[in-house]
Amino acid sequence: MSTSKPTIHDVASLAGVSKSLVSLALSGSKKVSEKSRERILAASESLGYRRNAAARSLAVQRSQTMGVLILDLHNPVFAEILDGVQSELRDYGYSTMLVTGGKDPVLEKTEIDSLLQFQIEGLILISHRLSSRELTKIANEVPTVTVTREDIISSALDTVCNDDVAGARLAVDHLVSLGHSKIVCLSGGDNPVSHSRVQGYRLAMQQHGKETFASVVSGGLTDATGYQAAIQALSQKPTALFVANDIAAMGAIAAIEEAGLSVPADVSVVGYDGISLGALRSVNLTTIAQPLDELGRLAAKALVQRIKSPGSKSQHIRVSSKLVVRGTSAAI
């Protein structure tokens, strides 16, 4: 009885397809029909075949692997962007290697160095804490795309982000259309994305002639920070709150209800991000929804394009959000 391990050629022969089709199927590419994929997977399982990624990399001098750094695994926004990244990369036959810095800038740099040691072909940063110098150095070493951050622009990398200034203006426009003037903004803390959302809020309040009512309370991006910021904001007797993100908005709603007030009868609330958590649907939150899956897919496409055309002009892609009106906003 032979003890030699089955090869990709054996799988291709048994399935009656080409070796390249087997490779695409086992990489999860959508370019393979379901009928062929089923036949290939059945042949692979029957033979007990497992791809040797290291040997393949040596043979073709390509890892067929993209590195992905995600700033915070607990943030559902980043998780939904990651879904888009991975889905798109699979279509191109790439696998992904995921790391996180756990909000620690030093650990973040260490994790990226580890990815580079694995000979990744490209890198996607779903937010980051790198300095301009560090980011440019990495981008000069490996094709790099950043998602959600556009404050650091370099000819060596591409960026994909949401227009947060315009998104915040949508929130204010909606609340003003409902008759609200005393609209308080609960910021997301000291980070570039939150700064852009505050900027959009201020611009919209000014545009509507409501600048005398404009007020920003420093908060954060968690339910706890949203709760604390809302407690401060309620002392100003607002009729509406624009909150930096959906999770913080849930904390803000809890604070409003604990104060004996009702949402939206006493205070309207608008969040930001449009994440698809069941808890948010049950709250029926009005929100400014980012196209999160699209952000991930656009980042993956930009990275593949940069790999195919090294030295090409950098792309800085900006997408638009949309207002999703639900039950936490109403006329004053």
# chains A, B, ... in the order shown; residues from 1 in each chain; ligands from 1
call {"tool": "select_by_dssp", "arguments": {"residues": "range 74-240 of chain A", "states": "strand (DSSP E)", "output": "list of chain:residue names"}}
result
A:Ser95, A:Thr96, A:Met97, A:Leu98, A:Val99, A:Thr100, A:Gly122, A:Leu123, A:Ile124, A:Leu125, A:Ile126, A:Thr144, A:Val145, A:Thr146, A:Val147, A:Asp158, A:Thr159, A:Val160, A:Cys161, A:Asn162, A:Ile183, A:Val184, A:Cys185, A:Leu186, A:Ser215, A:Val216, A:Val217, A:Ala240
call {"tool": "write_last_selection", "arguments": {"atoms": "N, CA and C atoms", "output": "compact mmCIF listing (two decimals), in the first residue's frame"}}
result
# COMPACT_ATOMS: atom_id res chain seq x y z
N SER A 95 -5.35 33.91 -0.10
CA SER A 95 -5.72 33.66 1.29
C SER A 95 -5.36 34.90 2.10
N THR A 96 -5.86 34.98 3.32
CA THR A 96 -5.53 36.12 4.18
C THR A 96 -4.92 35.63 5.49
N MET A 97 -3.99 36.42 6.00
CA MET A 97 -3.39 36.17 7.30
C MET A 97 -3.71 37.38 8.18
N LEU A 98 -4.44 37.15 9.26
CA LEU A 98 -4.99 38.23 10.07
C LEU A 98 -4.21 38.43 11.37
N VAL A 99 -3.92 39.69 11.70
CA VAL A 99 -3.31 40.02 12.98
C VAL A 99 -4.02 41.25 13.55
N THR A 100 -3.83 41.49 14.83
CA THR A 100 -4.35 42.69 15.47
C THR A 100 -3.33 43.21 16.46
N GLY A 122 0.81 41.41 -0.11
CA GLY A 122 0.22 42.73 0.07
C GLY A 122 -0.32 42.87 1.47
N LEU A 123 -0.63 44.10 1.87
CA LEU A 123 -1.07 44.37 3.24
C LEU A 123 -2.25 45.34 3.23
N ILE A 124 -3.29 44.98 3.95
CA ILE A 124 -4.43 45.88 4.16
C ILE A 124 -4.52 46.22 5.62
N LEU A 125 -4.56 47.51 5.92
CA LEU A 125 -4.67 47.98 7.30
C LEU A 125 -6.08 48.50 7.52
N ILE A 126 -6.88 47.76 8.29
CA ILE A 126 -8.23 48.20 8.63
C ILE A 126 -8.10 49.07 9.87
N THR A 144 0.51 48.27 -0.11
CA THR A 144 -0.29 48.53 1.10
C THR A 144 -1.50 49.40 0.79
N VAL A 145 -2.62 49.04 1.44
CA VAL A 145 -3.85 49.83 1.34
C VAL A 145 -4.37 50.06 2.76
N THR A 146 -4.76 51.29 3.07
CA THR A 146 -5.39 51.55 4.36
C THR A 146 -6.88 51.76 4.17
N VAL A 147 -7.67 51.31 5.16
CA VAL A 147 -9.12 51.46 5.12
C VAL A 147 -9.55 52.29 6.34
N ASP A 158 -2.37 53.16 -1.21
CA ASP A 158 -3.73 53.55 -1.57
C ASP A 158 -4.57 53.66 -0.30
N THR A 159 -5.60 54.47 -0.37
CA THR A 159 -6.51 54.61 0.77
C THR A 159 -7.95 54.42 0.31
N VAL A 160 -8.75 53.83 1.18
CA VAL A 160 -10.19 53.67 0.93
C VAL A 160 -10.90 54.11 2.21
N CYS A 161 -11.80 55.04 2.09
CA CYS A 161 -12.47 55.51 3.31
C CYS A 161 -13.87 56.01 3.00
N ASN A 162 -14.61 56.25 4.05
CA ASN A 162 -15.93 56.83 3.96
C ASN A 162 -15.83 58.34 4.11
N ILE A 183 -29.25 70.30 18.98
CA ILE A 183 -28.66 69.00 18.61
C ILE A 183 -27.24 68.96 19.17
N VAL A 184 -27.00 68.06 20.10
CA VAL A 184 -25.67 67.92 20.70
C VAL A 184 -24.95 66.74 20.05
N CYS A 185 -23.67 66.94 19.74
CA CYS A 185 -22.84 65.88 19.15
C CYS A 185 -22.04 65.20 20.24
N LEU A 186 -22.13 63.89 20.33
CA LEU A 186 -21.28 63.10 21.23
C LEU A 186 -20.14 62.56 20.39
N SER A 215 -22.96 72.12 20.05
CA SER A 215 -22.24 71.71 21.26
C SER A 215 -21.69 70.31 21.05
N VAL A 216 -20.42 70.13 21.38
CA VAL A 216 -19.76 68.83 21.25
C VAL A 216 -19.33 68.35 22.63
N VAL A 217 -19.79 67.17 23.00
CA VAL A 217 -19.38 66.54 24.26
C VAL A 217 -18.41 65.42 23.93
N ALA A 240 -32.10 66.46 20.59
CA ALA A 240 -31.56 65.39 19.75
C ALA A 240 -30.07 65.22 20.01
call {"tool": "residues_around", "arguments": {"residues": "Arg169 in chain A", "least_positions_apart": "2", "cutoff": "12 Å", "atoms": "only C-alpha atoms", "output": "MDAnalysis selection string"}}
result
chainID A and resid 163:167 171:176 185 196:208 242 270 272 288 320:323
call {"tool": "select_by_dssp", "arguments": {"residues": "range 88-323 of chain A", "states": "alpha helix (DSSP H)", "output": "PyMOL selection string"}}
result
chain A and resi 88-91+105-117+132-141+164-177+192-207+223-234+246-258+278-283+292-308
call {"tool": "closest_atom_pairs", "arguments": {"of": "range 210-281 of chain A", "to": "range 326-332 of chain A", "cutoff": "10 Å", "atoms": "only C-alpha atoms", "output": "CSV"}}
result
residue,atom,partner,partner_atom,distance
A:Thr239,CA,A:Ile332,CA,7.1
A:Ala240,CA,A:Ser329,CA,8.1
A:Leu241,CA,A:Ser329,CA,9.5
A:Ile253,CA,A:Thr328,CA,8.9
A:Ser262,CA,A:Thr328,CA,9.6
A:Val263,CA,A:Thr328,CA,5.8
A:Pro264,CA,A:Thr328,CA,5.0
A:Ala265,CA,A:Ala330,CA,7.1
A:Asp266,CA,A:Ile332,CA,7.8
A:Val267,CA,A:Ser329,CA,7.9
A:Ser268,CA,A:Ser329,CA,4.5
A:Val269,CA,A:Thr328,CA,5.4
A:Val270,CA,A:Ser329,CA,6.8
A:Gly271,CA,A:Thr328,CA,9.4
A:Arg281,CA,A:Arg326,CA,9.1
call {"tool": "atom_distance", "arguments": {"atom1": "CA of Ala233 in chain A", "atom2": "CA of Asp273 in chain A"}}
result
21.2 Å
call {"tool": "closest_residue", "arguments": {"among": "A:Ser36, A:Gln117, A:Ser276, A:Thr212", "to": "Ile247 in chain A", "atoms": "only C-alpha atoms"}}
result
A:Ser276
call {"tool": "closest_residue", "arguments": {"among": "A:Ser127, A:Gln232, A:Asn191, A:Ser18", "to": "Val77 in chain A", "atoms": "only C-alpha atoms"}}
result
A:Ser127
call {"tool": "residues_around", "arguments": {"residues": "Lys30 in chain A", "least_positions_apart": "4", "cutoff": "10 Å", "atoms": "only C-alpha atoms", "output": "ChimeraX atom specification"}}
result
/A:24-25,34,37,87-88,90-93
call {"tool": "atom_distance", "arguments": {"atom1": "CA of Glu80 in chain A", "atom2": "CA of Ser131 in chain A"}}
result
25.1 Å
